[in-house]
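J.: What follows is final.cif, made up of mmCIF, C-alpha atoms and all ligand atoms:
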data_query
#
loop_
_atom_site.group_PDB
_atom_site.id
_atom_site.type_symbol
_atom_site.label_atom_id
_atom_site.label_comp_id
_atom_site.auth_asym_id
_atom_site.auth_seq_id
_atom_site.Cartn_x
_atom_site.Cartn_y
_atom_site.Cartn_z
ATOM 1 C CA MET A 1 0.000 0.000 0.000
ATOM 2 C CA GLU A 2 1.493 3.314 -1.116
ATOM 3 C CA LYS A 3 -0.672 5.419 1.150
ATOM 4 C CA LYS A 4 -0.417 5.390 4.924
ATOM 5 C CA ILE A 5 -3.189 3.387 6.551
ATOM 6 C CA ALA A 6 -5.459 4.786 9.267
ATOM 7 C CA PHE A 7 -7.475 2.220 11.252
ATOM 8 C CA ILE A 8 -10.475 3.848 12.916
ATOM 9 C CA THR A 9 -12.846 2.199 15.384
ATOM 10 C CA GLY A 10 -16.363 3.567 15.779
ATOM 11 C CA ALA A 11 -16.363 4.872 12.190
ATOM 12 C CA THR A 12 -20.095 4.340 11.612
ATOM 13 C CA SER A 13 -21.029 7.586 13.328
ATOM 14 C CA GLY A 14 -19.938 10.844 14.964
ATOM 15 C CA ILE A 15 -16.259 11.456 15.651
ATOM 16 C CA GLY A 16 -14.985 8.241 14.054
ATOM 17 C CA LYS A 17 -16.823 8.808 10.789
ATOM 18 C CA ALA A 18 -15.619 12.437 10.677
ATOM 19 C CA CYS A 19 -12.040 11.190 11.194
ATOM 20 C CA ALA A 20 -12.399 8.777 8.266
ATOM 21 C CA LEU A 21 -13.556 11.605 5.984
ATOM 22 C CA SER A 22 -10.907 14.026 7.209
ATOM 23 C CA LEU A 23 -7.970 11.600 7.053
ATOM 24 C CA ALA A 24 -9.044 10.349 3.617
ATOM 25 C CA LYS A 25 -8.891 13.979 2.412
ATOM 26 C CA GLU A 26 -5.324 14.084 3.745
ATOM 27 C CA GLY A 27 -4.461 11.087 1.587
ATOM 28 C CA PHE A 28 -4.731 8.225 4.064
ATOM 29 C CA ALA A 29 -6.054 4.792 3.158
ATOM 30 C CA ILE A 30 -8.900 3.997 5.534
ATOM 31 C CA VAL A 31 -9.857 0.927 7.550
ATOM 32 C CA ALA A 32 -13.256 1.758 9.072
ATOM 33 C CA CYS A 33 -14.691 -0.385 11.886
ATOM 34 C CA GLY A 34 -18.006 -0.726 13.660
ATOM 35 C CA ARG A 35 -20.934 -3.090 14.157
ATOM 36 C CA ARG A 36 -23.332 -1.473 11.654
ATOM 37 C CA LYS A 37 -22.193 -2.916 8.328
ATOM 38 C CA GLU A 38 -24.604 -0.892 6.172
ATOM 39 C CA ARG A 39 -23.079 2.342 7.430
ATOM 40 C CA LEU A 40 -19.558 1.113 6.699
ATOM 41 C CA VAL A 41 -20.648 0.216 3.160
ATOM 42 C CA GLN A 42 -22.219 3.670 2.756
ATOM 43 C CA LEU A 43 -19.110 5.422 4.131
ATOM 44 C CA GLU A 44 -17.046 4.295 1.144
ATOM 45 C CA LYS A 45 -19.383 6.296 -1.124
ATOM 46 C CA GLU A 46 -18.802 9.442 0.951
ATOM 47 C CA LEU A 47 -14.997 9.251 0.879
ATOM 48 C CA PRO A 48 -13.019 11.144 -1.775
ATOM 49 C CA SER A 49 -13.074 8.964 -4.878
ATOM 50 C CA GLY A 50 -10.103 6.658 -5.165
ATOM 51 C CA THR A 51 -9.553 6.406 -1.404
ATOM 52 C CA PRO A 52 -8.276 2.884 -0.702
ATOM 53 C CA TYR A 53 -10.868 1.481 1.699
ATOM 54 C CA GLN A 54 -11.543 -1.580 3.800
ATOM 55 C CA TYR A 55 -14.204 -2.059 6.401
ATOM 56 C CA LEU A 56 -14.306 -4.482 9.311
ATOM 57 C CA VAL A 57 -17.482 -5.404 11.151
ATOM 58 C CA PHE A 58 -16.880 -6.405 14.758
ATOM 59 C CA ASP A 59 -17.919 -5.730 18.312
ATOM 60 C CA VAL A 60 -14.914 -4.423 20.279
ATOM 61 C CA ARG A 61 -16.200 -6.315 23.343
ATOM 62 C CA ASN A 62 -15.561 -9.637 21.649
ATOM 63 C CA LYS A 63 -11.844 -10.427 21.719
ATOM 64 C CA ASP A 64 -12.081 -13.253 19.152
ATOM 65 C CA GLU A 65 -14.097 -11.083 16.748
ATOM 66 C CA VAL A 66 -11.553 -8.275 17.089
ATOM 67 C CA TYR A 67 -8.605 -10.561 16.449
ATOM 68 C CA SER A 68 -10.089 -12.417 13.493
ATOM 69 C CA ALA A 69 -11.338 -9.177 11.922
ATOM 70 C CA VAL A 70 -7.860 -7.628 12.045
ATOM 71 C CA ASP A 71 -6.317 -10.880 10.767
ATOM 72 C CA SER A 72 -8.739 -10.832 7.824
ATOM 73 C CA LEU A 73 -7.176 -7.672 6.384
ATOM 74 C CA PRO A 74 -5.389 -8.358 3.088
ATOM 75 C CA GLU A 75 -1.590 -8.575 3.276
ATOM 76 C CA GLU A 76 -1.052 -5.068 1.817
ATOM 77 C CA TRP A 77 -3.306 -3.621 4.532
ATOM 78 C CA GLN A 78 -1.422 -5.077 7.489
ATOM 79 C CA GLU A 79 0.966 -2.150 8.122
ATOM 80 C CA ILE A 80 -1.237 0.216 10.045
ATOM 81 C CA GLU A 81 0.372 3.610 10.592
ATOM 82 C CA VAL A 82 -2.406 5.340 12.552
ATOM 83 C CA LEU A 83 -4.735 3.683 15.061
ATOM 84 C CA ILE A 84 -7.660 5.768 16.262
ATOM 85 C CA ASN A 85 -9.231 4.090 19.284
ATOM 86 C CA ASN A 86 -12.538 5.914 19.197
ATOM 87 C CA ALA A 87 -15.324 3.316 19.606
ATOM 88 C CA GLY A 88 -17.194 3.963 22.810
ATOM 89 C CA ASN A 89 -20.299 5.351 24.412
ATOM 90 C CA ALA A 90 -21.962 6.219 27.686
ATOM 91 C CA HIS A 91 -24.771 3.872 28.701
ATOM 92 C CA GLY A 92 -27.148 5.436 31.212
ATOM 93 C CA LEU A 93 -26.800 8.349 33.621
ATOM 94 C CA ALA A 94 -27.625 7.357 37.182
ATOM 95 C CA PRO A 95 -26.354 7.730 40.733
ATOM 96 C CA ILE A 96 -24.021 4.891 41.629
ATOM 97 C CA HIS A 97 -26.547 3.106 43.877
ATOM 98 C CA GLU A 98 -29.112 3.054 41.055
ATOM 99 C CA GLY A 99 -26.836 2.177 38.146
ATOM 100 C CA SER A 100 -27.478 -0.853 35.943
ATOM 101 C CA GLU A 101 -24.915 -3.655 35.874
ATOM 102 C CA ASP A 102 -25.546 -4.110 32.152
ATOM 103 C CA ASP A 103 -24.679 -0.453 31.556
ATOM 104 C CA TRP A 104 -21.554 -0.768 33.707
ATOM 105 C CA ASP A 105 -20.472 -3.877 31.805
ATOM 106 C CA ALA A 106 -21.065 -2.177 28.469
ATOM 107 C CA MET A 107 -18.986 0.881 29.357
ATOM 108 C CA MET A 108 -16.054 -0.973 30.862
ATOM 109 C CA ASP A 109 -16.091 -3.677 28.158
ATOM 110 C CA ILE A 110 -16.394 -1.298 25.203
ATOM 111 C CA ASN A 111 -14.570 1.854 26.293
ATOM 112 C CA VAL A 112 -11.708 0.179 28.162
ATOM 113 C CA LYS A 113 -11.336 -3.496 27.248
ATOM 114 C CA GLY A 114 -12.329 -2.941 23.602
ATOM 115 C CA LEU A 115 -9.617 -0.331 23.255
ATOM 116 C CA LEU A 116 -7.136 -2.797 24.756
ATOM 117 C CA TYR A 117 -8.122 -5.685 22.452
ATOM 118 C CA VAL A 118 -7.793 -3.563 19.317
ATOM 119 C CA SER A 119 -4.477 -2.131 20.531
ATOM 120 C CA LYS A 120 -3.164 -5.600 21.404
ATOM 121 C CA LYS A 121 -3.597 -6.662 17.764
ATOM 122 C CA ILE A 122 -2.155 -3.543 16.167
ATOM 123 C CA LEU A 123 0.640 -2.293 18.442
ATOM 124 C CA PRO A 124 3.076 -5.215 17.965
ATOM 125 C CA GLY A 125 3.347 -4.381 14.242
ATOM 126 C CA MET A 126 4.066 -0.737 15.060
ATOM 127 C CA VAL A 127 6.700 -1.785 17.591
ATOM 128 C CA ALA A 128 8.359 -4.138 15.093
ATOM 129 C CA ARG A 129 8.414 -1.395 12.433
ATOM 130 C CA LYS A 130 9.331 1.309 14.980
ATOM 131 C CA SER A 131 6.671 3.463 13.389
ATOM 132 C CA GLY A 132 3.104 4.406 14.134
ATOM 133 C CA GLN A 133 0.674 6.652 15.907
ATOM 134 C CA VAL A 134 -2.091 5.927 18.388
ATOM 135 C CA ILE A 135 -4.889 8.376 19.074
ATOM 136 C CA ASN A 136 -7.063 7.425 22.031
ATOM 137 C CA VAL A 137 -10.379 9.236 22.353
ATOM 138 C CA GLY A 138 -10.988 9.822 26.045
ATOM 139 C CA SER A 139 -13.338 12.491 27.374
ATOM 140 C CA SER A 140 -13.382 15.557 29.577
ATOM 141 C CA ALA A 141 -15.450 13.170 31.730
ATOM 142 C CA GLY A 142 -12.273 11.223 32.480
ATOM 143 C CA LYS A 143 -10.590 14.314 33.857
ATOM 144 C CA ASP A 144 -13.495 15.985 35.661
ATOM 145 C CA ILE A 145 -15.925 13.498 37.234
ATOM 146 C CA TYR A 146 -19.561 14.659 37.271
ATOM 147 C CA PRO A 147 -22.537 13.490 39.344
ATOM 148 C CA LYS A 148 -24.242 10.408 37.854
ATOM 149 C CA GLY A 149 -21.337 9.976 35.432
ATOM 150 C CA ASN A 150 -19.509 7.582 37.791
ATOM 151 C CA VAL A 151 -18.761 4.534 35.608
ATOM 152 C CA TYR A 152 -18.594 6.385 32.264
ATOM 153 C CA CYS A 153 -16.179 8.852 33.897
ATOM 154 C CA GLY A 154 -14.250 5.900 35.342
ATOM 155 C CA SER A 155 -13.984 4.248 31.942
ATOM 156 C CA LYS A 156 -12.609 7.448 30.432
ATOM 157 C CA ALA A 157 -10.223 8.024 33.368
ATOM 158 C CA ALA A 158 -8.959 4.524 32.560
ATOM 159 C CA VAL A 159 -8.507 5.514 28.911
ATOM 160 C CA ASP A 160 -6.519 8.547 30.080
ATOM 161 C CA ALA A 161 -4.264 6.398 32.304
ATOM 162 C CA ILE A 162 -3.824 3.712 29.628
ATOM 163 C CA THR A 163 -2.909 6.403 27.102
ATOM 164 C CA GLU A 164 -0.173 7.683 29.412
ATOM 165 C CA GLY A 165 1.012 4.115 29.964
ATOM 166 C CA MET A 166 1.116 3.488 26.213
ATOM 167 C CA ARG A 167 3.136 6.665 25.650
ATOM 168 C CA LYS A 168 5.693 5.565 28.226
ATOM 169 C CA ASP A 169 5.917 1.938 27.057
ATOM 170 C CA LEU A 170 6.072 2.843 23.373
ATOM 171 C CA ASN A 171 8.537 5.699 23.809
ATOM 172 C CA PRO A 172 11.587 3.587 22.822
ATOM 173 C CA TYR A 173 9.945 2.686 19.507
ATOM 174 C CA GLY A 174 9.226 6.150 18.116
ATOM 175 C CA ILE A 175 5.458 5.677 18.303
ATOM 176 C CA ARG A 176 3.422 8.836 18.841
ATOM 177 C CA VAL A 177 0.626 8.458 21.417
ATOM 178 C CA VAL A 178 -2.041 11.154 21.675
ATOM 179 C CA GLY A 179 -4.970 11.416 24.091
ATOM 180 C CA ILE A 180 -7.853 13.670 23.078
ATOM 181 C CA HIS A 181 -10.549 14.504 25.617
ATOM 182 C CA PRO A 182 -13.601 16.303 24.236
ATOM 183 C CA GLY A 183 -16.380 17.996 26.147
ATOM 184 C CA LEU A 184 -19.880 17.962 24.627
ATOM 185 C CA VAL A 185 -19.908 16.964 20.958
ATOM 186 C CA GLU A 186 -23.265 16.662 19.202
ATOM 187 C CA THR A 187 -23.296 13.128 17.793
ATOM 188 C CA GLU A 188 -25.383 10.022 18.463
ATOM 189 C CA PHE A 189 -23.657 9.815 21.848
ATOM 190 C CA SER A 190 -26.591 11.043 23.951
ATOM 191 C CA LEU A 191 -29.097 9.034 21.920
ATOM 192 C CA VAL A 192 -27.135 5.926 22.918
ATOM 193 C CA ARG A 193 -26.731 7.097 26.534
ATOM 194 C CA PHE A 194 -30.508 7.624 26.837
ATOM 195 C CA LYS A 195 -31.352 4.423 24.939
ATOM 196 C CA GLY A 196 -32.967 6.073 21.936
ATOM 197 C CA ASP A 197 -34.912 8.784 23.837
ATOM 198 C CA LYS A 198 -34.539 11.604 21.293
ATOM 199 C CA GLU A 199 -36.195 14.282 23.402
ATOM 200 C CA LYS A 200 -33.802 13.680 26.289
ATOM 201 C CA SER A 201 -30.875 13.446 23.930
ATOM 202 C CA ASP A 202 -31.682 16.669 22.048
ATOM 203 C CA LYS A 203 -31.930 18.551 25.346
ATOM 204 C CA VAL A 204 -28.253 17.919 26.090
ATOM 205 C CA TYR A 205 -27.249 20.112 23.154
ATOM 206 C CA GLN A 206 -29.889 22.838 23.448
ATOM 207 C CA GLY A 207 -29.072 26.497 24.179
ATOM 208 C CA PHE A 208 -25.427 26.458 23.179
ATOM 209 C CA ASP A 209 -23.173 25.747 20.257
ATOM 210 C CA ALA A 210 -21.931 22.228 20.985
ATOM 211 C CA LEU A 211 -18.771 20.894 19.386
ATOM 212 C CA LYS A 212 -19.252 19.073 16.083
ATOM 213 C CA ALA A 213 -17.690 15.720 15.268
ATOM 214 C CA GLU A 214 -15.755 17.535 12.524
ATOM 215 C CA ASP A 215 -14.134 19.836 15.121
ATOM 216 C CA ILE A 216 -12.625 16.829 16.877
ATOM 217 C CA ALA A 217 -11.674 15.167 13.582
ATOM 218 C CA ASP A 218 -9.883 18.390 12.512
ATOM 219 C CA ILE A 219 -7.817 18.338 15.699
ATOM 220 C CA ILE A 220 -7.025 14.636 15.364
ATOM 221 C CA THR A 221 -6.021 15.171 11.735
ATOM 222 C CA PHE A 222 -3.808 18.087 12.778
ATOM 223 C CA ALA A 223 -2.153 15.954 15.484
ATOM 224 C CA VAL A 224 -1.606 13.053 13.078
ATOM 225 C CA THR A 225 -0.082 15.235 10.353
ATOM 226 C CA ARG A 226 2.492 17.049 12.530
ATOM 227 C CA PRO A 227 6.169 16.400 11.896
ATOM 228 C CA LYS A 228 7.224 13.192 13.631
ATOM 229 C CA ARG A 229 9.023 15.111 16.407
ATOM 230 C CA VAL A 230 5.785 16.777 17.571
ATOM 231 C CA VAL A 231 3.466 14.978 20.009
ATOM 232 C CA LEU A 232 0.223 16.646 21.075
ATOM 233 C CA ALA A 233 0.210 14.330 24.040
ATOM 234 C CA ASP A 234 -2.934 15.382 25.892
ATOM 235 C CA ILE A 235 -5.666 17.516 24.324
ATOM 236 C CA LEU A 236 -8.704 18.792 26.280
ATOM 237 C CA VAL A 237 -11.344 20.392 24.016
ATOM 238 C CA TYR A 238 -14.476 22.224 25.177
ATOM 239 C CA PRO A 239 -17.145 24.132 23.298
ATOM 240 C CA LEU A 240 -17.020 27.837 24.175
ATOM 241 C CA ALA A 241 -20.084 27.540 26.420
ATOM 242 C CA GLN A 242 -18.463 24.866 28.613
ATOM 243 C CA ALA A 243 -15.841 25.487 31.315
ATOM 244 C CA SER A 244 -15.921 22.096 33.044
ATOM 245 C CA THR A 245 -18.116 19.021 32.813
ATOM 246 C CA THR A 246 -20.738 20.826 34.923
ATOM 247 C CA ILE A 247 -20.230 24.556 34.257
ATOM 248 C CA PHE A 248 -22.030 25.932 31.205
ATOM 249 C CA THR A 249 -23.165 29.342 30.036
ATOM 250 C CA LYS A 250 -26.072 28.651 27.738
ATOM 251 C CA ASN A 251 -27.876 31.037 25.359
ATOM 252 C CA THR A 252 -24.842 33.281 24.967
HETATM 253 P P1 LIG A 301 -21.482 7.987 18.518
HETATM 254 O O1 LIG A 301 -22.515 7.284 19.323
HETATM 255 O O2 LIG A 301 -21.927 8.867 17.416
HETATM 256 O O3 LIG A 301 -20.431 6.931 17.937
HETATM 257 C C1 LIG A 301 -19.974 5.850 18.691
HETATM 258 C C2 LIG A 301 -19.224 4.895 17.777
HETATM 259 O O4 LIG A 301 -18.699 3.825 18.574
HETATM 260 C C3 LIG A 301 -20.110 4.295 16.718
HETATM 261 O O5 LIG A 301 -19.430 4.257 15.484
HETATM 262 C C4 LIG A 301 -20.352 2.874 17.214
HETATM 263 O O6 LIG A 301 -20.468 1.982 16.113
HETATM 264 C C5 LIG A 301 -19.047 2.591 17.969
HETATM 265 N N1 LIG A 301 -19.265 1.562 18.976
HETATM 266 C C6 LIG A 301 -20.014 1.644 20.095
HETATM 267 N N2 LIG A 301 -20.057 0.472 20.735
HETATM 268 C C7 LIG A 301 -19.301 -0.382 19.989
HETATM 269 C C8 LIG A 301 -18.978 -1.766 20.109
HETATM 270 N N3 LIG A 301 -19.433 -2.516 21.133
HETATM 271 N N4 LIG A 301 -18.193 -2.329 19.168
HETATM 272 C C9 LIG A 301 -17.740 -1.608 18.129
HETATM 273 N N5 LIG A 301 -18.010 -0.291 17.950
HETATM 274 C C10 LIG A 301 -18.793 0.295 18.875
HETATM 275 O O7 LIG A 301 -20.616 8.816 19.573
HETATM 276 P P2 LIG A 301 -19.323 9.763 19.421
HETATM 277 O O8 LIG A 301 -18.862 9.859 18.034
HETATM 278 O O9 LIG A 301 -19.625 10.993 20.147
HETATM 279 O O10 LIG A 301 -18.297 8.917 20.304
HETATM 280 C C11 LIG A 301 -17.011 8.534 19.863
HETATM 281 C C12 LIG A 301 -16.064 8.536 21.043
HETATM 282 O O11 LIG A 301 -15.974 9.851 21.554
HETATM 283 C C13 LIG A 301 -16.516 7.658 22.217
HETATM 284 O O12 LIG A 301 -15.395 6.988 22.752
HETATM 285 C C14 LIG A 301 -17.065 8.674 23.220
HETATM 286 O O13 LIG A 301 -16.996 8.210 24.535
HETATM 287 C C15 LIG A 301 -16.123 9.837 22.961
HETATM 288 N N6 LIG A 301 -16.593 11.138 23.407
HETATM 289 C C16 LIG A 301 -17.781 11.654 22.943
HETATM 290 C C17 LIG A 301 -18.193 12.900 23.375
HETATM 291 C C18 LIG A 301 -19.513 13.500 22.994
HETATM 292 O O14 LIG A 301 -19.966 14.435 23.674
HETATM 293 N N7 LIG A 301 -20.139 13.038 21.920
HETATM 294 C C19 LIG A 301 -17.357 13.708 24.272
HETATM 295 C C20 LIG A 301 -16.166 13.052 24.701
HETATM 296 C C21 LIG A 301 -15.791 11.839 24.255
HETATM 297 P P3 LIG A 301 -21.543 0.809 16.003
HETATM 298 O O15 LIG A 301 -22.724 1.175 16.858
HETATM 299 O O16 LIG A 301 -21.860 0.742 14.548
HETATM 300 O O17 LIG A 301 -20.807 -0.397 16.489
HETATM 301 C C1 LIG A 302 -18.897 12.844 26.606
HETATM 302 C C2 LIG A 302 -19.018 14.134 27.303
HETATM 303 O O1 LIG A 302 -19.876 15.270 29.412
HETATM 304 O O2 LIG A 302 -21.415 13.825 28.199
HETATM 305 O O3 LIG A 302 -17.755 12.152 26.991
HETATM 306 O O4 LIG A 302 -19.628 12.885 29.504
HETATM 307 S S1 LIG A 302 -20.033 14.004 28.664
#
So that I can check it, write out the structure of this file as structure tokens.
Ligand code: NDP
Ligand code: 8X3

T.:
Amino acid sequence: MEKKIAFITGATSGIGKACALSLAKEGFAIVACGRRKERLVQLEKELPSGTPYQYLVFDVRNKDEVYSAVDSLPEEWQEIEVLINNAGNAHGLAPIHEGSEDDWDAMMDINVKGLLYVSKKILPGMVARKSGQVINVGSSAGKDIYPKGNVYCGSKAAVDAITEGMRKDLNPYGIRVVGIHPGLVETEFSLVRFKGDKEKSDKVYQGFDALKAEDIADIITFAVTRPKRVVLADILVYPLAQASTTIFTKNT
């Protein structure tokens, strides 16, 4: 493969999809991942024409699915230069004593263990080649814990810590490791958190100009395209209206 390959999890929607579009414009070949196959098929039609493209359908919770999906990539697609660990969601918003075990399992299994499984398959190649970049999508919620966010915040605090650990472990191999931690971005995120309740979900983004998925993709693309010596190690991004996970000035 002549072009550099970017492998993006959670590319069926929101930030991951925006990254696929943005990195394709920068000349990357794209491996797009997610569970919703029809969206991955559709994504190819939205990419700049001629973008080399592969899609992989798997659930990041399922280690075997992750491993066999990555193994199924054709030989010329095996050298992944950029890994964007983006797949993830919040499930529920409840005080700790009322939280659902299924929601807790989903968040820890997807946001934390899923990121680890995908990384486990892709990092050894980067280490062997002494070349690569990892972008982990955390959240402001991992840095500033908010009421009822408990386990989601915990999963993203884990992503933050794992990102730091990766940067330290991979330092001898010239691999760039970036953590990006957005505040509120208007995507399908809240629709998933509130289990399809559109009214509740829309309310999250009312009265202020929330970040767009493209804003985060722009920043990731900027980080990925810096000269090799430059590492934007830890990026916290808020919309103007937001000063912490709980402080907002709306209708300004
Ligand atoms: P979306 O809900 O729009 O996208 C989530 C993506 O993750 C989808 O492509 C979905 O694909 C994928 N995904 C979810 N669960 C799984 C799974 N089990 N296996 C494989 N893929 C999965 O949300 P965002 O784009 O906003 O979220 C992307 C990342 O950004 C997440 O890690 C989120 O925590 C983080 N984030 C979001 C913020 C926001 O306010 N929106 C703020 C801070 C961080 P599919 O369903 O097809 O599998
Ligand atoms: C998503 C942002 O504040 O809804 O990570 O948790 S928040």

J.: Of the candidates A:Val192, A:Val60, A:Ala141, A:Val230, which shows the shortest atom-to-atom distance to Lys120 in chain A, using only C-alpha atoms?

T.: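 Once distances to Lys120 in chain A are computed over only C-alpha atoms, the minimum belongs to A:Val60.
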
J.: Skipping near chain neighbours, those fewer than 6 positions away, what residues fall within 12 Å of Ser22 in chain A using all atoms listed in the file, listed as a ChimeraX atom specification?

T.: /A:6,8,11,15-16,28-30,46-48,51,213-222,224-225

J.: Give me the residues within 9 Å of Ser119 in chain A as a ChimeraX atom specification, counting only C-alpha atoms and dropping any in the same chain fewer than 3 places off.

T.: /A:83,85,114-116,122-124,134

J.: Residue by residue, what does the PyMOL selection byres (((chain A and resi 14) around 9) and not hetatm) grab here? Present the result as a list in words.

T.: Gly10, Ala11, Thr12, Ser13, Ile15, Gly16, Lys17, Ala18, Cys19, Val185, Glu186, Thr187, Glu188, Phe189, Lys212, Ala213 and Glu214 of chain A

J.: Using only C-alpha atoms, pick whichever of A:Ala20, A:Ala106, A:Ile80, A:Ala223 has the shortest atom-to-atom distance to Leu40 in chain A.

T.: A:Ala20

J.: Which residues come within 8 Å of Gly183 in chain A, counting all atoms listed in the file, excluding same-chain residues fewer than 5 positions away, as JSON, numbers by chain?

T.: {"A": [139, 140, 141, 211, 236, 237, 238, 239, 242, 245]}

J.: Could you list the residues chosen by the PyMOL selection byres (((chain A and resi 149) around 9) and not hetatm) in this structure as a PDB file with C-alpha atoms, in the frame of the given file?

T.:
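The result, stored in out09.pdb:
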ATOM      1  CA  ALA A  90     -21.962   6.219  27.686  1.00  0.00           C
ATOM      2  CA  GLY A  92     -27.148   5.436  31.212  1.00  0.00           C
ATOM      3  CA  LEU A  93     -26.800   8.349  33.621  1.00  0.00           C
ATOM      4  CA  ALA A  94     -27.625   7.357  37.182  1.00  0.00           C
ATOM      5  CA  PRO A  95     -26.354   7.730  40.733  1.00  0.00           C
ATOM      6  CA  ILE A  96     -24.021   4.891  41.629  1.00  0.00           C
ATOM      7  CA  ALA A 141     -15.450  13.170  31.730  1.00  0.00           C
ATOM      8  CA  ILE A 145     -15.925  13.498  37.234  1.00  0.00           C
ATOM      9  CA  TYR A 146     -19.561  14.659  37.271  1.00  0.00           C
ATOM     10  CA  PRO A 147     -22.537  13.490  39.344  1.00  0.00           C
ATOM     11  CA  LYS A 148     -24.242  10.408  37.854  1.00  0.00           C
ATOM     12  CA  ASN A 150     -19.509   7.582  37.791  1.00  0.00           C
ATOM     13  CA  VAL A 151     -18.761   4.534  35.608  1.00  0.00           C
ATOM     14  CA  TYR A 152     -18.594   6.385  32.264  1.00  0.00           C
ATOM     15  CA  CYS A 153     -16.179   8.852  33.897  1.00  0.00           C
ATOM     16  CA  GLY A 154     -14.250   5.900  35.342  1.00  0.00           C
TER      17      GLY A 154
END

J.: Measure the distance from CA of Leu170 in chain A to CA of Lys4 in chain A in Å and round it to one decimal.

T.: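 CA of Lys4 in chain A lies 19.7 Å from CA of Leu170 in chain A.
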
J.: Emit as AutoDock Vina command-line options the padded axis-aligned box for all listed atoms of range 105-123 of chain A, 5 Å per side, with centre and edge lengths in Å to one decimal.

T.:
--center_x -10.2 --center_y -2.4 --center_z 24.0 --size_x 31.7 --size_y 18.5 --size_z 25.6

J.: As JSON, numbers by chain, please: the residues near Ile110 in chain A (cut-off 12 Å, only C-alpha atoms, same-chain neighbours under 3 positions excluded).

T.: {"A": [9, 10, 34, 58, 59, 60, 61, 62, 63, 66, 85, 86, 87, 88, 89, 90, 91, 102, 103, 104, 105, 106, 107, 113, 114, 115, 116, 117, 118, 152, 155, 156, 158, 159]}

J.: Using the chain letters and numbering of this document, enumerate as a PyMOL selection string the residues selected by the PyMOL selection byres (((chain A and resi 231) around 12) and not hetatm).

T.: chain A and resi 133-135+167+171+174-180+220+222-230+232-235

J.: Between CA of Ala161 in chain A and atom C20 of ligand LIG 301 (chain A), measure the distance and give it in Å to one decimal.

T.: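 That distance, rounded to one decimal, is 15.6 Å.
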
J.: With all atoms listed in the file as the atoms that count, which of A:Gly27, A:Glu199, A:Thr163, A:His181 lies nearest to ligand LIG 302 (chain A)?

T.: A:His181

J.: Work out how far apart CA of Tyr55 in chain A and CA of Lys37 in chain A are and give it in Å to one decimal.

T.: 8.3 Å

J.: Given the choices A:Gly125, A:Gly99, A:Gly138, A:Pro172, which gets closest to ligand LIG 302 (chain A) if the distance is worked out from all atoms listed in the file?

T.: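 Using all atoms listed in the file, the shortest distance to ligand LIG 302 (chain A) belongs to A:Gly138.
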
J.: So, with all atoms listed in the file as the atoms that count, which of A:Phe7, A:Tyr205, A:Phe248, A:Trp77 lies closest to ligand LIG 301 (chain A)?

T.: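 The closest residue to ligand LIG 301 (chain A) is A:Tyr205.
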
J.: So, with all atoms listed in the file as the atoms that count, which of A:Leu21, A:Leu56, A:Met108, A:Met1 lies closest to Arg35 in chain A?

T.: A:Leu56

J.: What's around Gly132 in chain A at 6 Å? Count only C-alpha atoms, leave out sequence neighbours fewer than 4 positions away in its own chain, and write the answer as a list in words.

T.: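 So, after excluding close chain neighbours, the residues are Glu81, Val82, Met126 and Ile175 of chain A.
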